[in-house]
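As provided, protein-v8.txt (compact mmCIF, C-alpha atoms) reads as follows.
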# COMPACT_ATOMS: atom_id res chain seq x y z
CA MET A 1180 54.64 137.42 79.59
CA GLU A 1181 58.27 138.19 78.89
CA GLY A 1182 57.82 141.67 80.31
CA VAL A 1183 56.30 140.28 83.51
CA LEU A 1184 59.19 137.86 83.93
CA ARG A 1185 61.69 140.62 83.35
CA ALA A 1186 59.99 142.86 85.90
CA THR A 1187 59.85 140.02 88.44
CA ALA A 1188 63.52 139.19 87.91
CA ARG A 1189 64.46 142.83 88.43
CA LYS A 1190 62.39 142.99 91.62
CA VAL A 1191 64.10 139.86 92.97
CA TRP A 1192 67.48 141.32 92.12
CA ILE A 1193 66.71 144.66 93.80
CA VAL A 1194 65.51 142.91 96.98
CA THR A 1195 68.61 140.68 96.97
CA GLU A 1196 70.85 143.69 96.47
CA MET A 1197 69.07 145.48 99.32
CA LEU A 1198 69.71 142.56 101.68
CA LEU A 1199 73.35 142.33 100.61
CA LEU A 1200 73.87 146.04 101.24
CA PHE A 1201 71.90 146.41 104.46
CA VAL A 1202 72.53 143.03 106.10
CA ALA A 1203 75.76 141.61 104.65
CA GLY A 1204 77.29 145.10 104.55
CA PRO A 1205 77.06 145.73 108.31
CA ALA A 1206 78.27 142.17 108.95
CA LEU A 1207 81.37 142.88 106.85
CA LEU A 1208 81.94 146.17 108.68
CA ALA A 1209 81.68 144.35 112.02
CA LYS A 1210 84.29 141.85 110.87
CA LEU A 1211 86.67 144.62 109.82
CA VAL A 1212 86.16 146.56 113.06
CA TYR A 1213 86.15 143.76 115.63
CA GLU A 1214 88.42 141.16 114.02
CA ARG A 1215 90.79 143.35 112.01
CA HIS A 1216 90.58 146.23 114.52
CA ILE A 1217 90.14 148.88 111.85
CA PRO A 1218 88.53 152.03 113.33
CA LEU A 1219 85.05 152.56 111.94
CA PHE A 1220 85.74 156.22 111.14
CA MET A 1221 88.53 155.07 108.78
CA ILE A 1222 86.12 152.80 106.90
CA LEU A 1223 83.31 155.33 106.53
CA PRO A 1224 85.02 157.44 103.81
CA ALA A 1225 85.30 154.34 101.61
CA VAL A 1226 81.64 153.54 102.30
CA PHE A 1227 80.76 157.12 101.44
CA ALA A 1228 82.67 156.94 98.15
CA GLY A 1229 81.00 153.66 97.19
CA LEU A 1230 77.62 155.12 98.00
CA ILE A 1231 78.20 158.18 95.83
CA ALA A 1232 79.27 155.90 92.96
CA LEU A 1233 76.06 153.87 93.35
CA LEU A 1234 73.94 157.01 93.42
CA LEU A 1235 75.68 158.39 90.34
CA SER A 1236 74.87 155.15 88.49
CA GLN A 1237 71.13 155.70 89.00
CA SER A 1238 69.14 156.66 85.93
CA ASP A 1239 66.81 158.61 88.21
CA ARG A 1240 68.74 161.69 89.32
CA THR A 1241 66.05 163.19 91.56
CA TRP A 1242 68.20 162.28 94.57
CA ARG A 1243 70.33 165.30 93.73
CA ALA A 1244 67.40 167.60 94.47
CA ASP A 1245 66.83 165.75 97.75
CA LEU A 1246 70.42 166.45 98.81
CA ALA A 1247 70.05 170.16 98.15
CA ARG A 1248 66.48 170.62 99.39
CA LEU A 1249 66.38 172.89 102.42
CA PRO A 1250 63.84 171.92 105.08
CA ALA A 1251 60.83 174.21 105.31
CA ARG A 1252 60.38 176.30 108.43
CA ARG A 1253 57.46 174.14 109.57
CA THR A 1254 59.63 171.04 109.11
CA VAL A 1255 62.36 172.47 111.35
CA LEU A 1256 59.76 173.40 113.97
CA SER A 1257 58.30 169.89 113.77
CA ILE A 1258 61.77 168.37 114.19
CA LEU A 1259 62.50 170.53 117.23
CA ALA A 1260 59.09 169.90 118.83
CA LEU A 1261 59.41 166.14 118.44
CA PHE A 1262 62.99 166.27 119.70
CA VAL A 1263 61.90 168.09 122.86
CA LEU A 1264 59.31 165.37 123.49
CA CYS A 1265 61.32 162.28 122.54
CA GLY A 1266 64.64 163.70 123.72
CA SER A 1267 63.17 164.41 127.15
CA ALA A 1268 61.88 160.84 127.37
CA LEU A 1269 65.28 159.49 126.28
CA THR A 1270 67.05 161.68 128.82
CA LEU A 1271 64.74 160.53 131.62
CA PHE A 1272 65.34 156.90 130.59
CA ALA A 1273 69.12 157.39 130.73
CA TYR A 1274 68.93 159.15 134.10
CA GLU A 1275 66.70 156.50 135.69
CA ARG A 1276 68.28 153.40 134.12
CA TYR A 1277 71.96 154.37 134.05
CA PRO A 1278 72.50 157.13 136.64
CA GLY A 1279 76.19 156.25 137.02
CA SER A 1280 76.98 157.23 133.44
CA PHE A 1281 74.54 160.11 133.08
CA LEU A 1282 76.43 163.16 131.67
CA THR A 1283 79.79 161.62 132.58
CA PHE A 1284 81.15 161.97 129.04
CA PRO A 1285 80.90 165.79 128.76
CA ARG A 1286 82.00 166.18 132.38
CA SER A 1287 84.99 163.84 132.33
CA ASN A 1288 86.35 164.51 128.84
CA THR A 1289 84.98 167.78 127.54
CA PRO A 1290 87.44 168.24 124.62
CA PHE A 1291 86.71 164.77 123.20
CA TRP A 1292 82.98 165.23 123.80
CA LEU A 1293 83.11 168.44 121.75
CA LEU A 1294 84.89 166.56 118.97
CA VAL A 1295 82.19 163.91 118.95
CA MET A 1296 79.45 166.56 118.95
CA THR A 1297 81.08 168.05 115.84
CA PHE A 1298 82.34 165.10 113.85
CA TYR A 1299 79.65 162.53 114.60
CA PRO A 1300 77.08 164.52 112.58
CA LEU A 1301 79.59 165.37 109.84
CA ILE A 1302 80.96 161.85 109.33
CA SER A 1303 78.61 159.23 110.74
CA VAL A 1304 75.21 160.89 110.37
CA THR A 1305 75.77 162.01 106.79
CA THR A 1306 76.94 158.55 105.73
CA GLN A 1307 74.06 156.79 107.49
CA GLU A 1308 71.43 159.11 106.06
CA LEU A 1309 72.79 158.85 102.53
CA VAL A 1310 72.65 155.05 102.76
CA TYR A 1311 69.51 154.46 104.79
CA ARG A 1312 67.31 157.27 103.58
CA VAL A 1313 68.46 158.74 100.25
CA LEU A 1314 69.68 155.54 98.60
CA PHE A 1315 67.06 153.30 100.20
CA PHE A 1316 64.08 155.42 99.19
CA HIS A 1317 65.37 156.05 95.69
CA ARG A 1318 66.51 152.55 94.80
CA TYR A 1319 64.69 150.04 97.01
CA ALA A 1320 61.47 151.53 98.40
CA ALA A 1321 59.58 151.28 95.11
CA VAL A 1322 59.73 147.46 95.02
CA LEU A 1323 57.95 147.31 98.38
CA ASN A 1324 54.81 148.85 96.80
CA SER A 1325 53.84 150.76 99.95
CA VAL A 1326 55.39 153.78 101.60
CA TRP A 1327 54.44 152.49 105.06
CA LEU A 1328 55.98 149.09 104.35
CA ALA A 1329 59.09 150.89 103.07
CA ILE A 1330 59.26 152.93 106.29
CA ALA A 1331 58.88 149.81 108.45
CA VAL A 1332 61.51 147.87 106.47
CA ASN A 1333 63.84 150.85 106.57
CA ALA A 1334 63.55 151.12 110.35
CA ALA A 1335 64.09 147.37 110.75
CA LEU A 1336 67.21 147.44 108.56
CA PHE A 1337 68.49 150.49 110.45
CA ALA A 1338 67.98 148.71 113.78
CA GLY A 1339 69.56 145.56 112.34
CA MET A 1340 72.68 147.48 111.40
CA HIS A 1341 72.98 148.73 114.98
CA ALA A 1342 72.38 145.22 116.30
CA ILE A 1343 75.16 143.78 114.13
CA LEU A 1344 77.67 146.57 114.65
CA PHE A 1345 77.03 147.49 118.27
CA ALA A 1346 74.46 145.48 120.24
CA ALA A 1347 75.86 142.02 119.53
CA HIS A 1348 79.37 142.76 120.79
CA GLY A 1349 80.29 142.58 124.45
CA PRO A 1350 79.31 140.35 127.36
CA HIS A 1351 75.61 141.16 126.96
CA PHE A 1352 73.34 141.90 124.02
CA HIS A 1353 72.44 145.59 124.19
CA TRP A 1354 68.72 145.76 123.44
CA GLU A 1355 68.92 149.49 124.06
CA ALA A 1356 70.81 149.99 120.81
CA VAL A 1357 68.21 148.02 118.86
CA GLY A 1358 65.16 149.62 120.44
CA ILE A 1359 66.44 153.18 120.23
CA SER A 1360 67.68 152.78 116.66
CA PHE A 1361 64.39 151.20 115.53
CA ALA A 1362 62.42 154.11 117.00
CA GLY A 1363 64.89 156.54 115.47
CA GLY A 1364 64.69 154.72 112.15
CA LEU A 1365 60.91 155.15 112.11
CA ILE A 1366 61.24 158.88 112.85
CA PHE A 1367 63.94 159.45 110.22
CA ALA A 1368 62.25 157.32 107.55
CA MET A 1369 58.90 159.06 108.04
CA ARG A 1370 60.64 162.43 107.94
CA PHE A 1371 62.44 161.67 104.70
CA ALA A 1372 59.33 160.15 103.09
CA ALA A 1373 57.39 163.30 103.97
CA THR A 1374 60.00 165.94 103.11
CA ARG A 1375 62.44 164.32 100.67
CA SER A 1376 65.08 166.47 102.34
CA PHE A 1377 68.43 164.95 103.25
CA LEU A 1378 69.30 168.05 105.26
CA ALA A 1379 66.13 167.76 107.34
CA VAL A 1380 66.69 164.14 108.28
CA ALA A 1381 70.42 164.67 108.86
CA LEU A 1382 69.60 167.51 111.26
CA GLU A 1383 67.11 165.31 113.11
CA HIS A 1384 69.52 162.38 113.31
CA ALA A 1385 72.32 164.64 114.54
CA LEU A 1386 70.17 166.01 117.36
CA TYR A 1387 69.34 162.56 118.71
CA GLY A 1388 72.83 161.19 118.14
CA ASP A 1389 74.55 164.01 119.99
CA LEU A 1390 72.02 163.73 122.81
CA ILE A 1391 72.64 159.98 123.13
CA PHE A 1392 76.39 160.49 123.49
CA THR A 1393 75.86 163.32 125.95
CA ILE A 1394 73.49 161.56 128.37
CA GLY A 1395 75.52 158.38 128.71
CA LEU A 1396 73.95 156.03 126.17
CA GLY A 1397 76.79 156.38 123.70
CA ARG A 1398 78.41 153.13 124.78
CA PHE A 1399 75.54 151.27 123.12
CA PHE A 1400 76.50 152.89 119.80
CA PHE A 1401 80.27 152.71 120.09
CA THR A 1402 82.52 149.97 118.73
CA GLY A 1403 85.36 150.62 121.16
CA VAL A 1404 87.87 150.65 118.29
CA ALA A 1405 88.68 154.37 118.14
CA SER A 1406 85.29 154.91 116.57
CA LEU A 1407 82.77 157.70 116.37
Can the structure from this file be put into structure tokens for me?
Amino acid sequence: MEGVLRATARKVWIVTEMLLLFVAGPALLAKLVYERHIPLFMILPAVFAGLIALLLSQSDRTWRADLARLPARRTVLSILALFVLCGSALTLFAYERYPGSFLTFPRSNTPFWLLVMTFYPLISVTTQELVYRVLFFHRYAAVLNSVWLAIAVNAALFAGMHAILFAAHGPHFHWEAVGISFAGGLIFAMRFAATRSFLAVALEHALYGDLIFTIGLGRFFFTGVASL
């Protein structure tokens, strides 16, 4: 009986910790960015450092292998094939829905666009994937008792972060940020669950992220406070 109570208490704590990290955390970031006007890219290194400390505290060190695991050739081909399909659909959506901003970023400010293409994957994507895939699946997924439930919860938390940080700010709620990030969260979570490769999911995330900024949807994922 005591063992059952201890296991239940730990499960409650893990779920509570997950909600604090993935719901309260983005809310705190939004406060720092929008009320204190601290650029998001200046906050991310601190988030990255805290994340590494949390990972290092884990008794299970298999996450280290996940960080170093190179994606198999068939995984890369699968990523590229899916990107051609989904990326084409996303590009068509941007062209039809927002023709005025389609490709304006690379055309109007090529040097800054090139910086975003380079540093968005290096800074933002790596931090997001360490938090939402590596840490989530190593520390929190097990308490959900189902890999498919873990994938769904992961995608919902990923979309929720984008809703809090990006969609909820401005004159209108940007459903585009929520819908796109939920779909992306499903793709990235399924990829990580299948491959256990941080590099694979970071590559996939970088492809979609750079495409979004290129085709004119970047404003739905931009804080407006000197942020990537």
Item to check | Polymer residues at most 7 Å from Ile1330 in chain A, only C-alpha atoms, same-chain spacing of 6 or more positions, as JSON, numbers by chain | outcome: {"A": [1365, 1368, 1369]}
Item to check | Atomic separation - CA of His1353 in chain A relative to CA of Ile1222 in chain A, Å | outcome: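 CA of Ile1222 in chain A sits 23.2 Å away from CA of His1353 in chain A.
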Item to check | Contacts of Phe1262 in chain A within 10 Å, all atoms listed in the file, excl. fewer than 6 positions in-chain, as a PyMOL selection string | outcome: chain A and resi 1256+1268-1269+1383-1384+1386-1387+1390
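Atom pair CA of Ala1232 in chain A / CA of Ala1329 in chain A has a distance of 23.1 Å (rounded to one decimal).
Interatomic distance, CA of Pro1218 in chain A to CA of Phe1345 in chain A: 13.3 Å.
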Checklist entry - In terms of the shortest atom-to-atom distance over only C-alpha atoms, which of A:Ala1373, A:Glu1308, A:Leu1249, A:Leu1344 is closest to Phe1227 in chain A? => result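 Selected residue with least distance to Phe1227 in chain A: A:Glu1308.
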